[in-house]
Amino acid sequence: MPVYRIAKKINIKGIVQGVGFRPFIFQLAGRHHLTGWISNTSSGVSIHIEGAAPDIETFLQAVETAAPPLSRITDITATPCPASGFQQFSISESQTETHATALISPDVSICADCRKELFDPRDRRFHYPFINCTNCGPRYTIIHAIPYDRPNTSMKAFTMCRVCQAEYDDPNNRRFHAQPNACPVCGPQVLLYDADGKQTAVSDPIQEAAKHLQNGQILAVKGLGGFHLAVDATNNSAVERLRQKKHREEKPFALMAMDVPTIRSFARMDADEEKMLTSSVRPILLLQKRPKSPIVESVSPGNPTVGVMLPYTPLHYLLLSHGFKALVMTSGNLSDEPICIDNAEAFKRLKNIADCFLMHDRDILIRSDDSIARRISGVTRLVRRSRGYVPVPVFLNHRLPPILACGAEMKNTVCLTRDDRAFVSQHIGDLEHPAAHDFFDETITHLKALLDIRPEIIAHDLHPDYFSTRYALALHDAVRIPVQHHHAHIASCMAENRMDGEVIGLAFDGTGLGTDNTIWGGEALLADFGGFKRLAHLETVPMPGAAFAIREPWRMALGYLHTAFGDDLANMDIPLITSLPPDAVRTLIRMIRQKINSPLTSSLGRLFDGVAAIMGIRNRVSFEGQAAMELEMLAGTHPIDMRKETVYAFEWSSGATRRIAIRPLVSGIVGDMKSGIPLPLISRRFHATLIRLFASLCRELKGETGVNRIVLSGGCFQNALLLEGLISILEQEGFAVFSHSLVPTNDGGISLGQAVIAATVSEHL
Ligand code: ZN
Ligand code: ZN
Ligand code: FE
C-alpha cells in the first residue's frame, strides 16, 4: 500500500528552551519515522515534520502528553505545508527573531540521574560539583540574553572538552544541548579560601570546607543565585556566633538537610509538604518542629516552625554528604542587605562574618534568593518568590501593553508585562537599604533584556518617599501611573486568580499610604482593576513616634489604649503599663494628645503588634512582623473552630465608609487580662474575634453591593490562623473566596497588582 507523505509546520510557545525539548522532539520523530527539523526561535521552537499522516497525528498527540518534565507548552499550532523530501530529522541552529517571546526556564535543582552519577566512583563526573544535564542545572541566574544558548550564558568562559562536546552534539545523549554542560576537565572548579582571601591548597576543597564546619566555623558558600553563610545546625555556639556577626538577633535561619528521612527527624511533614520539598523548585518550606530535636533552638528561637530545604546543587550534596544532620544556610549578607553573588564582592562584604569561603569560577549573573513557602489550608503559599520560580510568568486574562511596575518599598519585587504574561521579578528586598538600590536597577535591566520588553507605562506606589516611586518618577519618557497600595494588593490576588469585575477585597497589612494621607492596612474595598471604593476600615489610631512605633510595639499599644480609654491608660493595672517608666507613658500621651509625630493608621498589622505589646509578649521587635508572629504562635496551631470560640464585642459605624471600633476589642482583651485569663486563650479569642468580625462585615457589604466574591490579600494573611479561619467561615456562608498561591500575599505581590491596574487605568484593557 503506498504511503503518501505530507508535511506540517509546527510552532510551539512556552518554556521549551533549555529543558530538553529539542532532543525530545528528535527522538519522538525517530520513533514515528518522521523527517524534517526543529529549531529554537525567540518565541519558542519551530518544527518542520514530514511523513505519513497517521504518524504525524500520533506524533502531535505525544508532543503534548509526553513533553519533558520542565517544559510548559502555552501555545501550539500545526499548519500543512509542502513536503521537501527530507531524508532524516535534524536539529538546526537557533533562529533569532526581532521579538523575543520565548520563556526562559527558572533554575532547576539537580536531577536524579545527575545525582546518581555524582556519587558513582566509575563516572567521569564523580564528585564533580557542577554536573548538570538537559533536565537540570542553572538557567535564569547564568543567562544575560536570549536565545538560551551557551554564548549568552556565563558558561561562555568555558570551552567544552572533546567528550563534553560530543555529548552536547548527540541528540540521543541526555546532555544534548545542555548549555551549562561541563566536566572536571573543562568546566568550572571549586576553590577554598581563608578569611583573608588566600587560597587554601588542598586536593578536596569541599571536604576541607566540611571539616571547618565540623569545627564550628562559618563558611561562605557560593550557590546558584548567590552566597550562603553556613554553620553546623547542631552546634549552638556556631549558630550564636553567626547571629552575632550577621547582626541578626532573632529572625529564624533556614536549614538544609540531605534527605526527607533526615528532615523528619527534626520536623513534621505531610505528603503534600514532602512533595513540595522534593520538587525541582526546592523552596525553603516552613515546617512544624519536632520536640527533642538535635537542631539547636537558636536556629529559630521560640518559634514552633523551622524553614527547611533539600540540597539543590551538586555542590550542596557533596558538602552535606560529610555527615551533617543539617546546615544553617542563610543568605550571604549583612542583615537585610542583598545577597552577595560576586567572588570579590563576597570577600569584601563577608570577610568579617565568614571564616572561610567555598567559591567557584562560574559567574552568577543575577541574584536570586531561596524561595520560601508554607502550606496553609491545603494550598502552597509563597512567602518569598525567587529561585526556582522566576522568570515563570503569571498568565493573565488580558493582553497588556509593555508595563514596568516598580513595586513597594519592603519585600520589593518589580513586574514587567508582555501580552498575557506578567513577569514578577525575584525578591529584591527592602529598598530602605541603599545597598538594595543597585539590585533593583540590575533586576529591571536583566529582565528587560531577557524578555525584550521596552515599557511604555510605569506603575508605582502612591508613597512619594519610596525608592521605587522616586525611580518611577525619574523616568520621564513613559506614562506614569500611581497605584494605591491596598488596591494593588487586591488586584494582584485577582490577577493571579484570573478574575474580572468587582470584588470585595480585604487588604490587611502593616503599612501603605492611603488616598487620605493616613496609613492604611485594615481595609475592605469594593474593587475592580479600574478603581476602588473604601467600604470599611479599622478605626484610625495614632502611631506615636511614627516609624519608631513599628519597631517598638509598646508605642502602638499606647496608641490603641489611648483610643479605647483616653488618658486613663496611665493608671491601668496591666503589666505593660506598670512596667513602663511613668515618664515614658506621660510623654507618649502628650505626643498623642498634641498630635506630635503621631500619624494615624488603620493598619491591622499594627493592631497585631499593639495587642502583642498590651498582652506583654514583647515591647520591641528585631524584624518586621515579629510581635504579630509571636501573638499567632501563642494561640497554637489548631485551626480556630468558630463554633467553640468566645469572641469579644465588635461594632462599626454606619455610613458609606464604615469605621470598625477599636474600643470593644481592646477593652475585651484588657478585661480578660485583669481576670487572669491565660494569654494563649486571649490570643485565640483575638483571632476568633477578627474572623467573626470580618465575616459579619462581608455579609453586610454583600447586602449592600451584591458582590459575593471575597479577595484576601496583604501581609497579615501570612497568619495561618487568620487565613484558614476566614476562608473556612466565608466559604461556609456561601462566599467565593480567593487568596494567593502564585505570588506572595505580602508586598512581594504588589508589583503584579500595580501592573494590571495601570493597564486598565491607561485604558489598554
Ligand atoms: Zn541532570
Ligand atoms: Zn568536559
Ligand atoms: Fe502591603
# chains A, B, ... in the order shown; residues from 1 in each chain; ligands from 1
>>> residues_around(residues="A:Ser603", least_positions_apart="6", cutoff="6 Å", atoms="only C-alpha atoms", output="NGL selection string")
:A and (510 or 520-522)
>>> select_by_dssp(residues="stretch 615-717 of chain A", states="strand (DSSP E or B)", output="number ranges by chain")
A: 652, 658-660, 709-713
>>> closest_atom_pairs(of="chain A", to="ligand 3", cutoff="10 Å", atoms="only C-alpha atoms and all ligand atoms", output="tab-separated table")
residue	atom	partner	partner_atom_place_in_ligand_line	distance
A:Ala408	CA	ligand 3	1 (Fe)	7.7
A:Glu409	CA	ligand 3	1 (Fe)	9.2
A:Met410	CA	ligand 3	1 (Fe)	8.4
A:Lys411	CA	ligand 3	1 (Fe)	9.3
A:His485	CA	ligand 3	1 (Fe)	6.4
A:His486	CA	ligand 3	1 (Fe)	6.5
A:His487	CA	ligand 3	1 (Fe)	9.8
A:Ala488	CA	ligand 3	1 (Fe)	8.6
A:His489	CA	ligand 3	1 (Fe)	6.7
A:Ala507	CA	ligand 3	1 (Fe)	8.0
A:Phe508	CA	ligand 3	1 (Fe)	7.4
A:Asp509	CA	ligand 3	1 (Fe)	5.0
A:Gly510	CA	ligand 3	1 (Fe)	6.2
A:Thr511	CA	ligand 3	1 (Fe)	5.8
A:Gly512	CA	ligand 3	1 (Fe)	5.8
A:Leu513	CA	ligand 3	1 (Fe)	9.4
A:Trp520	CA	ligand 3	1 (Fe)	9.1
A:Gly521	CA	ligand 3	1 (Fe)	7.2
A:Ser603	CA	ligand 3	1 (Fe)	9.8
A:Gly605	CA	ligand 3	1 (Fe)	9.5
A:Ser713	CA	ligand 3	1 (Fe)	8.4
A:Gly714	CA	ligand 3	1 (Fe)	5.2
A:Gly715	CA	ligand 3	1 (Fe)	5.9
A:Cys716	CA	ligand 3	1 (Fe)	8.7
A:Thr745	CA	ligand 3	1 (Fe)	8.3
A:Asn746	CA	ligand 3	1 (Fe)	5.7
A:Asp747	CA	ligand 3	1 (Fe)	4.6
A:Gly748	CA	ligand 3	1 (Fe)	8.4
A:Gly749	CA	ligand 3	1 (Fe)	8.6
A:Ile750	CA	ligand 3	1 (Fe)	7.2
>>> atom_distance(atom1="atom CA of A:Leu350", atom2="atom CA of A:Ala195")
8.6 Å
>>> residues_near_ligand(ligand="ligand 1", cutoff="12 Å", atoms="only C-alpha atoms and all ligand atoms", output="ChimeraX atom specification")
/A:18-20,69-70,107-118,125,130-138,173-176,178-182,280,312-314
